[in-house]
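Written out below as structure tokens is the structure these notes cover.
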Amino acid sequence: MLILRSSLRSLQLHRQLIVNCTRRTIRSIGTVSDNSVTIGDITVENPPIGTAPHLIPRLPLRLDFQNIENSIPPCHLSHLRWMLQKDLVLQQDFLLLGLPNLARERRQLILLYASLLGREIEYVSLSKDTSEADLKQRKEVTNNGTIYTNQAPVRAAINGRLLVLDGLEKAERNVLPTLNNLLENRELPLDDGTMLLSPDVRGEHPGGIPVHPYFRVAALGTIAEDDGTIALDPPLRSRFQARLASPVDVGDMFVTASAMSNGLLDTDTLKYLMKTVGGVSGGVSLDLIHNAVRYLEQYQDNVTPRAALNAHGIGLGGEMIETDDIVAPFEVKSVTAPKMNRSSYIETTTTKAIGDLILAGFESGNSAVALVGPKGCYKSTVAKDIVDKAGVFSELFSLHPDITARDLLQSRGTDEKGDTIWRDTPLTRAARSGKYVIMDGIDKLRSDTMSSLAMLLERGWAVLPDGTSFYANDKFRCIAIAHPPSEKSWITPEIKSMFHWINAKPLPRDELQEVLSGLFPNVSTDTLEKILNLQENLNNIVVDSDAEKEAMQLSLRKIKHICRRVDQNPEELGSIIHNCLMTSFLPELEQNIVEKCLARCGIVTNDKKFFENFFSQQYSFTEDPLLNSCKRSASNPLLVPNVEFFPNPMQENVMRQVLVSHSVGERALLITGYQGVGKNKIVDNLLSHLNCEREYTQLHRDTTIQSLMLSPSVEDGKIVFNDSPLIRAAKNGRILVLDEADKAPTEVVALLKGLIEDGQLSLPDGRVLCYDESDVHGSNHIKIHPDFRIWALTNPAVFPFQGNDLSRHMSDVFACHIVPPMDEESHRRILTSYGKGVHPDVINKLVKVWEDLRVAHETGVISYIFSVRESVSIVKHLSAFPDEGVQTAIENVLAFDRLDASLSNHLNKIFRNQGIKMVTKEKVVEAGRGVGGISTPKTRASSPKHGKEDPDNTPHVGGNTWAGGTGGSDTAGLGGRGGPYRLDKGHSIHQISDEMKAQVSEEAKQRAKEMANEALAKKLEELNMGKLDWERYNSVRARVEENIKDMKRYLKDLKKRKEERQWLHRQTSGELDENRLVEVLAGERDVFKRRGNPADYDTFLSNPINVKLVVDVSASMYRFGYDGRLERLLEATLMIMECFKGDKRFNLHITGHNGSSPKIDLVHPSMELDEATQLRVLESMVAHTQYTYAGDHTIEAIEVAVEESAPDTLVIAISDANLNRYDITLKDLKPLQSAKVHAHLIFIASLGDEADALAKAVPNERAQCCMNTSDLPLIIKKIVTSALK
């Protein structure tokens, strides 16, 4: 029971005042004559009277005062009673606890309590960025020096307010203990020398400030769902009285929802809603249910009840509302005349439906809508269109991972006098003035940072870092844009309750064609059909790496980049697509997939025409008409590059392609290539010919978002922001060259997406860059010059390069260009230009060697990419010191690899093949085995036996006496019939016909099988007990030594990237943090940064990657061992074991399959894979091939491996199956396409071309042939490294 001792008229008057937002009554409850409040059986006389109306939360508009007891469920009334009891009766600090789903409900409960009682509150949303200064006092600089401003806890303590600490579990450890003494004794020493004193302290104390007796702390905390606990420091925990706020009972939900609805939904619909909500694990906030009911009441003819729940984050599987949920078109309010006509936007059925869903979300009372969809699928475009149609100005807020909770609302700076000030962010400006704000990239923020906006987005109340607060303008709207969640969802239960959720799917093909035809009318229908066919093909591929999958998709943005260039050069469609997808830097398997997709779509890649024209002197880049049409007039010639450039076909072809992109208006280019291919020369030479002014920036590990935009400094006691090259280029229409862009943190360059795509970028000093004239509406808005362009130069994100994968995040924003390795003719021309006195034969040899090195890298034999830069260095050396010889000059390049004996031998061999003898000699030993002919047995098949041992090991053919013979009967050997198992004595193998093998009786076959099993058991027992053959082990390892080293380097690089230290901010020691110069002026302590381990340092170790190798240990592996298949299999298996042993990042499983079983356990993750164990595994594999019964379980082995594997396991199966004999077809290999795991099949033998034909028919390169078994370790290495990326 809730009794507010006041007349109904005063309650109604209070509600009306709340609605009008004009002023607050002195008391939320009661009258002068009856000054008390009762909740349940708790009555408080003369409760505290709030005198600051802006600090008293507004009552929810949905609260029905005439039916108040039905509007508030009984459990909430019980919570309100408990809070009144703790706050004003027992005078104890209290804590509301609950599951993550109910964070919004707990927050609303405390606000409802404060609103009903008229309690002033101070609100602190805790996060990992909360510091001591946020809890006590912050320094500010004024003309009179430094002053201290009280923060929320101190203000609450002095003025007797209710301090709400939201999210106790989110604060970093040892931060909240700052308040321990304030909680326990109501005492707190402050930085300005004063001290908060308990109200019980008598007398006057210099510098003492009494804590108001009505000061209380109301905290909110979330219990982890996995273990049911909340991690709090015991001294802090013991200072609170806690209460668990459980979900509202479904029956009470129904009563409350019915009471607070407008009566427009029938009872069955309400019951369905309540039943669905009741099935949500962890409960649902009552506020969300009311919002869903209100939404469904308004749009019940347009969407289903399930969709209404999904829109409010109540979907059982995390679903959102989408266009497929619309059962009838919306009739939403919108301005018919847009603010401006944007010809680049073509509305389709889908984009209009998404726009209607956004507007419907706003009209039903939500102020924040989240639009979630994959990259390049019109999210930003639709959001901008909504703003344009609303006829209002918008703020674009581009988000990045380094943004703190404070930075979302305000940033610090200094004014002209040097006084510290707080500047509103785009979000706060929009909330104050009633604008739209587009928050791009909420998925990039930490969950604790994002949830700090809950009060603003849920209640419209902004509590700012400067100590002020305000209620958002009623017209304020927020459109948040994000990518879909991955394995670790960024949509936490608390974030889920903050938005109205809409899922944006890619446009269907017909609409996509409609958009492209409208934007690019000159592109032929046939070309558009090919592009769209390719998009569909690429969407359906299955690859091991999510990163590669994303890189191989054609988003709408990428297709636009393609169409702009195809409009100019339709014959170069294939080349343009390869550049867009950056195919050259994909792993070999993925390259093959793209090539097959292109072939199926009838897209041909052909650059021969350009080179033919170049060599026949028909093309001259300097005389290209397009070049002359794009030339500019430089106002500052010193900024125009002047570079030495030697004409050659490859680089001039790249310049021509870049020029085309530049001429069609591409705002940003991403130019990628290996080191030393001339990226800078290409760019500088092109800019020189265009007479374009260049602003140059070298990016690196320590480049920050702030330094990319502005360069802050302290002058005369105030912060001065100097324009960076980016700002200067934007204002003056120059080309900004971002060199080594992959070396900077990805989020630094990714921030430019807002500038490139959306035409707007907010700067740290409060200014805003914008392309659109209509967005320039104040002195702080700077119009971007129309000639401004960004050209970013990067290395590919492949091993051994150590940069970040910029192309994965930004390849659809930039128009991509690949600078390929130098072709032989271009290479020859460059070396000739640099080496005037070097003999042409030497240059030709170097060109040939470098081509061989390129091929060796592409095939995976070597990992380092030898560049033209190094060959030029050799030629320069020979030109200056001809007497020192070519070997000496080359040694300066190869010195890095000389201590790696295996790699050094590889390189020496490549150089020797072109007639260049190096210092180190290499010995090559090749051995082979012979193959015998057809054999006819000399005896009839009878009973199986081992046979006699021949001490001289003489070859025996066709008999039934000697063990190890071939083409005979009954004895252990090869190529014969009726023997118990295979036995190889090293002789040529003679084979008998299948007809003769069929003459063996069933009894003999059964006895042979029994003998094989007995021999296998005996052999395995000997392996565990006998002396190990170390020479055998070392001989196998030596053949794959280089592959082992190469893969280990790759795995080490992965670990190095994961363990790379990051900048930790807000430190008390280290390097000065340029982002906290204002705090430096104010004299704060946590103004440093230092390198440290990332927060998820142990995540990789706690989630190991599963790798499962399924090897063929069937009879045929032993029988046909003369071709080396068994040896290569052993080598590949040894390579895998050696690379993964002792690495806790991986769980290695190795199983075998043969005619006896589809699963033979060989290696499991708990095994210690030392040399002895590895040898036992190899010998065990040989034993299985020798003693197993004939047959094949390849298909069953794959099925078992896929079925038993954990999600995302890498499964590699190897088989030499006789496909026709065992009737293996394409349909049988369907498990290879499983989305659960990454499965591959390698055929290592074939009768005719049956295996090759079948492998080619398997989609997505999930099967391949390795007829040259020496390539097997290399193929497996490629599969593993590609998947791990």
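Residues in the structure tokens are numbered from 1 in each chain, the chains being A, B, ... in the order shown, and ligands are numbered from 1 in the order shown.
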
Just asking: which residues within segment 593-722 of chain A are helix (DSSP H, G or I) according to DSSP, as a ChimeraX atom specification?
-> /A:593-600,608-615,621-623,625-629,637-639,649-663,679-690,705-709

Residue set, segment 474-664 of chain A restricted to strand (DSSP E), as an NGL selection string = :A and (477-482 or 500-503)

If you keep all heavy atoms, can you produce a file of those selected residues as a PDB file, in the first residue's frame?
```pdb
ATOM      1  N   ARG A 477      16.530  13.867 -30.717  1.00  0.00           N
ATOM      2  CA  ARG A 477      16.461  12.504 -31.229  1.00  0.00           C
ATOM      3  C   ARG A 477      17.881  11.981 -31.463  1.00  0.00           C
ATOM      4  O   ARG A 477      18.757  12.720 -31.917  1.00  0.00           O
ATOM      5  CB  ARG A 477      15.693  12.442 -32.557  1.00  0.00           C
ATOM      6  CG  ARG A 477      14.231  12.874 -32.450  1.00  0.00           C
ATOM      7  CD  ARG A 477      13.410  11.844 -31.685  1.00  0.00           C
ATOM      8  NE  ARG A 477      12.005  12.219 -31.641  1.00  0.00           N
ATOM      9  CZ  ARG A 477      11.449  12.918 -30.660  1.00  0.00           C
ATOM     10  NH1 ARG A 477      12.194  13.333 -29.638  1.00  0.00           N
ATOM     11  NH2 ARG A 477      10.166  13.194 -30.687  1.00  0.00           N
ATOM     12  N   CYS A 478      18.075  10.721 -31.174  1.00  0.00           N
ATOM     13  CA  CYS A 478      19.381  10.084 -31.349  1.00  0.00           C
ATOM     14  C   CYS A 478      19.227   8.867 -32.251  1.00  0.00           C
ATOM     15  O   CYS A 478      18.401   7.993 -31.987  1.00  0.00           O
ATOM     16  CB  CYS A 478      19.964   9.670 -29.991  1.00  0.00           C
ATOM     17  SG  CYS A 478      21.452   8.654 -30.109  1.00  0.00           S
ATOM     18  N   ILE A 479      20.023   8.833 -33.333  1.00  0.00           N
ATOM     19  CA  ILE A 479      20.095   7.650 -34.196  1.00  0.00           C
ATOM     20  C   ILE A 479      21.492   7.072 -34.035  1.00  0.00           C
ATOM     21  O   ILE A 479      22.479   7.686 -34.444  1.00  0.00           O
ATOM     22  CB  ILE A 479      19.823   7.994 -35.672  1.00  0.00           C
ATOM     23  CG1 ILE A 479      18.451   8.651 -35.840  1.00  0.00           C
ATOM     24  CG2 ILE A 479      19.904   6.735 -36.527  1.00  0.00           C
ATOM     25  CD1 ILE A 479      18.154   9.086 -37.260  1.00  0.00           C
ATOM     26  N   ALA A 480      21.563   5.925 -33.413  1.00  0.00           N
ATOM     27  CA  ALA A 480      22.851   5.263 -33.190  1.00  0.00           C
ATOM     28  C   ALA A 480      23.075   4.225 -34.284  1.00  0.00           C
ATOM     29  O   ALA A 480      22.162   3.476 -34.626  1.00  0.00           O
ATOM     30  CB  ALA A 480      22.889   4.607 -31.817  1.00  0.00           C
ATOM     31  N   ILE A 481      24.277   4.198 -34.829  1.00  0.00           N
ATOM     32  CA  ILE A 481      24.623   3.295 -35.925  1.00  0.00           C
ATOM     33  C   ILE A 481      25.687   2.320 -35.439  1.00  0.00           C
ATOM     34  O   ILE A 481      26.638   2.713 -34.760  1.00  0.00           O
ATOM     35  CB  ILE A 481      25.124   4.093 -37.138  1.00  0.00           C
ATOM     36  CG1 ILE A 481      23.996   4.970 -37.689  1.00  0.00           C
ATOM     37  CG2 ILE A 481      25.658   3.173 -38.223  1.00  0.00           C
ATOM     38  CD1 ILE A 481      24.441   5.888 -38.798  1.00  0.00           C
ATOM     39  N   ALA A 482      25.524   1.056 -35.800  1.00  0.00           N
ATOM     40  CA  ALA A 482      26.469   0.043 -35.307  1.00  0.00           C
ATOM     41  C   ALA A 482      26.503  -1.148 -36.251  1.00  0.00           C
ATOM     42  O   ALA A 482      25.603  -1.360 -37.051  1.00  0.00           O
ATOM     43  CB  ALA A 482      26.062  -0.412 -33.902  1.00  0.00           C
ATOM     44  N   HIS A 500      15.718   1.669 -29.068  1.00  0.00           N
ATOM     45  CA  HIS A 500      14.726   1.007 -29.918  1.00  0.00           C
ATOM     46  C   HIS A 500      15.532   0.375 -31.052  1.00  0.00           C
ATOM     47  O   HIS A 500      16.194   1.081 -31.814  1.00  0.00           O
ATOM     48  CB  HIS A 500      13.734   2.053 -30.446  1.00  0.00           C
ATOM     49  CG  HIS A 500      12.646   1.492 -31.301  1.00  0.00           C
ATOM     50  ND1 HIS A 500      11.426   1.093 -30.785  1.00  0.00           N
ATOM     51  CD2 HIS A 500      12.579   1.280 -32.638  1.00  0.00           C
ATOM     52  CE1 HIS A 500      10.666   0.660 -31.770  1.00  0.00           C
ATOM     53  NE2 HIS A 500      11.337   0.763 -32.899  1.00  0.00           N
ATOM     54  N   TRP A 501      15.499  -0.956 -31.190  1.00  0.00           N
ATOM     55  CA  TRP A 501      16.452  -1.675 -32.033  1.00  0.00           C
ATOM     56  C   TRP A 501      15.865  -2.014 -33.398  1.00  0.00           C
ATOM     57  O   TRP A 501      14.788  -2.607 -33.495  1.00  0.00           O
ATOM     58  CB  TRP A 501      16.908  -2.956 -31.339  1.00  0.00           C
ATOM     59  CG  TRP A 501      17.641  -2.688 -30.074  1.00  0.00           C
ATOM     60  CD1 TRP A 501      17.124  -2.617 -28.817  1.00  0.00           C
ATOM     61  CD2 TRP A 501      19.033  -2.402 -29.945  1.00  0.00           C
ATOM     62  NE1 TRP A 501      18.113  -2.320 -27.908  1.00  0.00           N
ATOM     63  CE2 TRP A 501      19.298  -2.179 -28.573  1.00  0.00           C
ATOM     64  CE3 TRP A 501      20.088  -2.327 -30.854  1.00  0.00           C
ATOM     65  CZ2 TRP A 501      20.566  -1.886 -28.086  1.00  0.00           C
ATOM     66  CZ3 TRP A 501      21.355  -2.035 -30.372  1.00  0.00           C
ATOM     67  CH2 TRP A 501      21.585  -1.816 -29.009  1.00  0.00           C
ATOM     68  N   ILE A 502      16.609  -1.658 -34.452  1.00  0.00           N
ATOM     69  CA  ILE A 502      16.206  -1.937 -35.830  1.00  0.00           C
ATOM     70  C   ILE A 502      17.366  -2.624 -36.544  1.00  0.00           C
ATOM     71  O   ILE A 502      18.502  -2.145 -36.502  1.00  0.00           O
ATOM     72  CB  ILE A 502      15.826  -0.641 -36.576  1.00  0.00           C
ATOM     73  CG1 ILE A 502      14.645   0.053 -35.868  1.00  0.00           C
ATOM     74  CG2 ILE A 502      15.477  -0.928 -38.032  1.00  0.00           C
ATOM     75  CD1 ILE A 502      14.316   1.407 -36.440  1.00  0.00           C
ATOM     76  N   ASN A 503      17.066  -3.728 -37.196  1.00  0.00           N
ATOM     77  CA  ASN A 503      18.077  -4.466 -37.943  1.00  0.00           C
ATOM     78  C   ASN A 503      17.992  -4.091 -39.419  1.00  0.00           C
ATOM     79  O   ASN A 503      16.936  -4.229 -40.043  1.00  0.00           O
ATOM     80  CB  ASN A 503      17.856  -5.974 -37.766  1.00  0.00           C
ATOM     81  CG  ASN A 503      18.897  -6.791 -38.491  1.00  0.00           C
ATOM     82  OD1 ASN A 503      20.059  -6.378 -38.596  1.00  0.00           O
ATOM     83  ND2 ASN A 503      18.504  -7.941 -39.014  1.00  0.00           N
TER      84      ASN A 503
END
```

Would you mind reading off the distance between atom CA of Val861 of chain A and atom CA of Gly1142 of chain A, one decimal, in Å?
-> 25.2 Å

Which residues, written as a ChimeraX atom specification, have at least one atom at most 9 Å from segment 93-109 of chain A, with only C-alpha atoms counted and residues fewer than 3 positions away on the same chain left out?
-> /A:76,79-80,83,86-87,112-114,166-167,183,216-225,228,230,239-247,281-288,454-455,458-459,492-494,496-498

Of the candidates A:Ser1035, A:Ile158, A:Ser942, A:Asp510, which shows the shortest atom-to-atom distance to Gln999 of chain A, using only C-alpha atoms?
->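 Smallest separation from Gln999 of chain A among the options: A:Ser942.
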
Could you name the residues that touch segment 905-911 of chain A at 7 Å or less, counting only C-alpha atoms, but leaving out those on the same chain fewer than 5 positions away, as a list in words?
-> Val849, Asp852, Ile916, Lys917, Met918 and Glu922 of chain A

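The residue that comes closest to Pro955 of chain A, out of A:Gln91, A:Ser452, A:Ser988, A:Asn722 and on the basis of only C-alpha atoms, is A:Ser988.
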
For Val175 of chain A, list every protein, DNA or RNA residue within 12 Å, evaluated using only C-alpha atoms, and leave out those in the same chain fewer than 4 positions away; present the list as a list in words.
->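 Surrounding residues, per the criterion: Leu126, Ser127, Lys128, Asp129, Thr130, Ser131, Glu132, Ala133, Asp134, Leu135, Lys136, Leu168, Glu169, Lys170, Ala171, Leu179, Asn180, Leu232, Asp233 and Leu236 of chain A.
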
Which polymer residues have any atom within 10 Å of an atom of Ala472 of chain A, counting only C-alpha atoms, with same-chain residues fewer than 2 positions away left out, as a ChimeraX atom specification?
-> /A:367,428-434,456-457,459-462,469-470,474-477

What would the file look like if the residues just selected were written as a short mmCIF file (atom, residue, chain, number, x, y, z; two decimals), in the first residue's frame with all heavy atoms?
```cif
data_model
loop_
_atom_site.label_atom_id
_atom_site.label_comp_id
_atom_site.auth_asym_id
_atom_site.auth_seq_id
_atom_site.Cartn_x
_atom_site.Cartn_y
_atom_site.Cartn_z
N SER A 367 13.38 8.19 -27.63
CA SER A 367 14.23 9.27 -28.12
C SER A 367 15.50 8.75 -28.76
O SER A 367 16.23 9.50 -29.40
CB SER A 367 14.61 10.21 -26.97
OG SER A 367 15.37 9.52 -25.99
N THR A 428 25.59 16.37 -26.56
CA THR A 428 25.03 17.33 -25.61
C THR A 428 24.43 18.53 -26.33
O THR A 428 23.37 19.04 -25.93
CB THR A 428 26.12 17.78 -24.62
OG1 THR A 428 26.66 16.63 -23.97
CG2 THR A 428 25.55 18.71 -23.57
N ARG A 429 25.10 19.00 -27.38
CA ARG A 429 24.55 20.12 -28.15
C ARG A 429 23.18 19.75 -28.73
O ARG A 429 22.24 20.55 -28.71
CB ARG A 429 25.51 20.52 -29.26
CG ARG A 429 26.80 21.15 -28.78
CD ARG A 429 27.51 21.89 -29.91
NE ARG A 429 27.90 21.01 -31.01
CZ ARG A 429 29.11 20.45 -31.12
NH1 ARG A 429 30.03 20.65 -30.18
NH2 ARG A 429 29.40 19.68 -32.16
N ALA A 430 23.08 18.55 -29.24
CA ALA A 430 21.81 18.12 -29.82
C ALA A 430 20.73 18.00 -28.75
O ALA A 430 19.57 18.37 -28.98
CB ALA A 430 22.00 16.78 -30.54
N ALA A 431 21.09 17.48 -27.58
CA ALA A 431 20.10 17.32 -26.51
C ALA A 431 19.60 18.68 -26.01
O ALA A 431 18.42 18.84 -25.71
CB ALA A 431 20.71 16.52 -25.36
N ARG A 432 20.49 19.65 -25.94
CA ARG A 432 20.08 20.99 -25.47
C ARG A 432 19.14 21.67 -26.47
O ARG A 432 18.14 22.27 -26.08
CB ARG A 432 21.31 21.88 -25.28
CG ARG A 432 22.16 21.58 -24.07
CD ARG A 432 23.20 22.68 -23.92
NE ARG A 432 24.25 22.34 -22.98
CZ ARG A 432 24.17 22.54 -21.66
NH1 ARG A 432 23.07 23.03 -21.14
NH2 ARG A 432 25.19 22.22 -20.88
N SER A 433 19.49 21.61 -27.74
CA SER A 433 18.81 22.41 -28.75
C SER A 433 17.69 21.66 -29.47
O SER A 433 16.99 22.26 -30.30
CB SER A 433 19.82 22.90 -29.78
OG SER A 433 20.50 21.81 -30.39
N GLY A 434 17.53 20.38 -29.18
CA GLY A 434 16.46 19.62 -29.84
C GLY A 434 16.81 19.20 -31.24
O GLY A 434 15.93 19.09 -32.10
N LEU A 456 20.37 9.77 -19.83
CA LEU A 456 19.97 10.69 -20.89
C LEU A 456 19.02 10.02 -21.87
O LEU A 456 17.99 10.60 -22.26
CB LEU A 456 21.21 11.21 -21.63
CG LEU A 456 20.96 12.03 -22.89
CD1 LEU A 456 20.14 13.28 -22.56
CD2 LEU A 456 22.29 12.42 -23.55
N LEU A 457 19.35 8.80 -22.31
CA LEU A 457 18.56 8.17 -23.35
C LEU A 457 17.27 7.55 -22.81
O LEU A 457 16.30 7.41 -23.56
CB LEU A 457 19.40 7.09 -24.05
CG LEU A 457 20.68 7.60 -24.73
CD1 LEU A 457 21.38 6.45 -25.45
CD2 LEU A 457 20.39 8.73 -25.70
N ARG A 459 15.68 8.63 -19.65
CA ARG A 459 14.85 9.62 -18.96
C ARG A 459 14.99 11.03 -19.53
O ARG A 459 14.29 11.94 -19.08
CB ARG A 459 15.24 9.65 -17.47
CG ARG A 459 14.93 8.41 -16.70
CD ARG A 459 13.42 8.19 -16.55
NE ARG A 459 12.82 9.24 -15.75
CZ ARG A 459 12.51 9.12 -14.45
NH1 ARG A 459 12.74 7.98 -13.84
NH2 ARG A 459 11.95 10.10 -13.78
N GLY A 460 15.92 11.22 -20.49
CA GLY A 460 16.10 12.55 -21.05
C GLY A 460 16.79 13.51 -20.11
O GLY A 460 16.72 14.73 -20.29
N TRP A 461 17.47 12.98 -19.10
CA TRP A 461 18.14 13.84 -18.11
C TRP A 461 19.65 13.71 -18.31
O TRP A 461 20.22 12.63 -18.19
CB TRP A 461 17.74 13.40 -16.69
CG TRP A 461 18.16 14.38 -15.63
CD1 TRP A 461 18.41 15.72 -15.79
CD2 TRP A 461 18.35 14.11 -14.24
NE1 TRP A 461 18.74 16.29 -14.59
CE2 TRP A 461 18.70 15.34 -13.62
CE3 TRP A 461 18.24 12.97 -13.46
CZ2 TRP A 461 18.96 15.42 -12.26
CZ3 TRP A 461 18.49 13.06 -12.10
CH2 TRP A 461 18.86 14.28 -11.51
N ALA A 462 20.29 14.82 -18.62
CA ALA A 462 21.73 14.84 -18.85
C ALA A 462 22.43 15.39 -17.61
O ALA A 462 22.19 16.54 -17.22
CB ALA A 462 22.07 15.69 -20.07
N SER A 469 23.20 19.98 -14.84
CA SER A 469 22.31 18.98 -15.44
C SER A 469 21.17 19.70 -16.13
O SER A 469 20.87 20.85 -15.84
CB SER A 469 21.78 18.01 -14.38
OG SER A 469 20.99 18.70 -13.43
N PHE A 470 20.56 19.01 -17.07
CA PHE A 470 19.40 19.58 -17.75
C PHE A 470 18.57 18.46 -18.34
O PHE A 470 19.07 17.36 -18.56
CB PHE A 470 19.84 20.57 -18.84
CG PHE A 470 20.51 19.92 -20.02
CD1 PHE A 470 19.79 19.51 -21.13
CD2 PHE A 470 21.89 19.70 -20.02
CE1 PHE A 470 20.42 18.90 -22.22
CE2 PHE A 470 22.51 19.09 -21.10
CZ PHE A 470 21.77 18.70 -22.20
N ASP A 474 12.46 18.37 -25.94
CA ASP A 474 11.51 17.35 -26.36
C ASP A 474 11.75 16.89 -27.79
O ASP A 474 11.35 15.78 -28.17
CB ASP A 474 10.08 17.87 -26.23
CG ASP A 474 9.67 18.02 -24.77
OD1 ASP A 474 10.31 17.39 -23.91
OD2 ASP A 474 8.71 18.76 -24.49
N LYS A 475 12.39 17.72 -28.61
CA LYS A 475 12.62 17.36 -30.01
C LYS A 475 13.94 16.62 -30.21
O LYS A 475 14.27 16.24 -31.34
CB LYS A 475 12.61 18.62 -30.87
CG LYS A 475 11.26 19.32 -30.90
CD LYS A 475 11.31 20.56 -31.81
CE LYS A 475 9.96 21.25 -31.87
NZ LYS A 475 9.99 22.46 -32.72
N PHE A 476 14.68 16.41 -29.15
CA PHE A 476 15.95 15.71 -29.25
C PHE A 476 15.73 14.27 -29.72
O PHE A 476 14.86 13.55 -29.22
CB PHE A 476 16.65 15.70 -27.89
CG PHE A 476 17.78 14.71 -27.77
CD1 PHE A 476 18.91 14.83 -28.57
CD2 PHE A 476 17.72 13.65 -26.88
CE1 PHE A 476 19.95 13.92 -28.47
CE2 PHE A 476 18.74 12.74 -26.76
CZ PHE A 476 19.86 12.87 -27.57
N ARG A 477 16.53 13.87 -30.72
CA ARG A 477 16.46 12.50 -31.23
C ARG A 477 17.88 11.98 -31.46
O ARG A 477 18.76 12.72 -31.92
CB ARG A 477 15.69 12.44 -32.56
CG ARG A 477 14.23 12.87 -32.45
CD ARG A 477 13.41 11.84 -31.69
NE ARG A 477 12.01 12.22 -31.64
CZ ARG A 477 11.45 12.92 -30.66
NH1 ARG A 477 12.19 13.33 -29.64
NH2 ARG A 477 10.17 13.19 -30.69
#
```

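The two atoms in question, atom CA of Tyr674 of chain A and atom CA of Ser807 of chain A, are spaced 13.8 Å apart.
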
Between atom CA of Lys444 of chain A and atom CA of Asp466 of chain A - distance in Å to one decimal |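 So the answer is 25.2 Å.
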
Rank nothing, just name the residue among A:His785, A:Lys596, A:Lys1048, A:Lys375 nearest to Leu554 of chain A, using only C-alpha atoms.
->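 The answer is A:Lys375, which sits nearest to Leu554 of chain A.
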
Show which residues sit within 9 Å of segment 357-361 of chain A, as a ChimeraX atom specification. Count only C-alpha atoms, and ignore same-chain residues fewer than 3 positions away.
-> /A:295,298-299,311,321-323,326,330-334,352-354,364-371,383,386,479,500-502

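Minimum atom-to-atom distance to Gln1186 of chain A, evaluated using only C-alpha atoms, belongs to A:Ser1114 out of A:Ser344, A:Ser707, A:Ser489, A:Ser1114.
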
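Closest approach to Thr142 of chain A among A:Ala1263, A:Met439, A:Ile491, A:Ile421 is made by A:Ile421 (distances from only C-alpha atoms).
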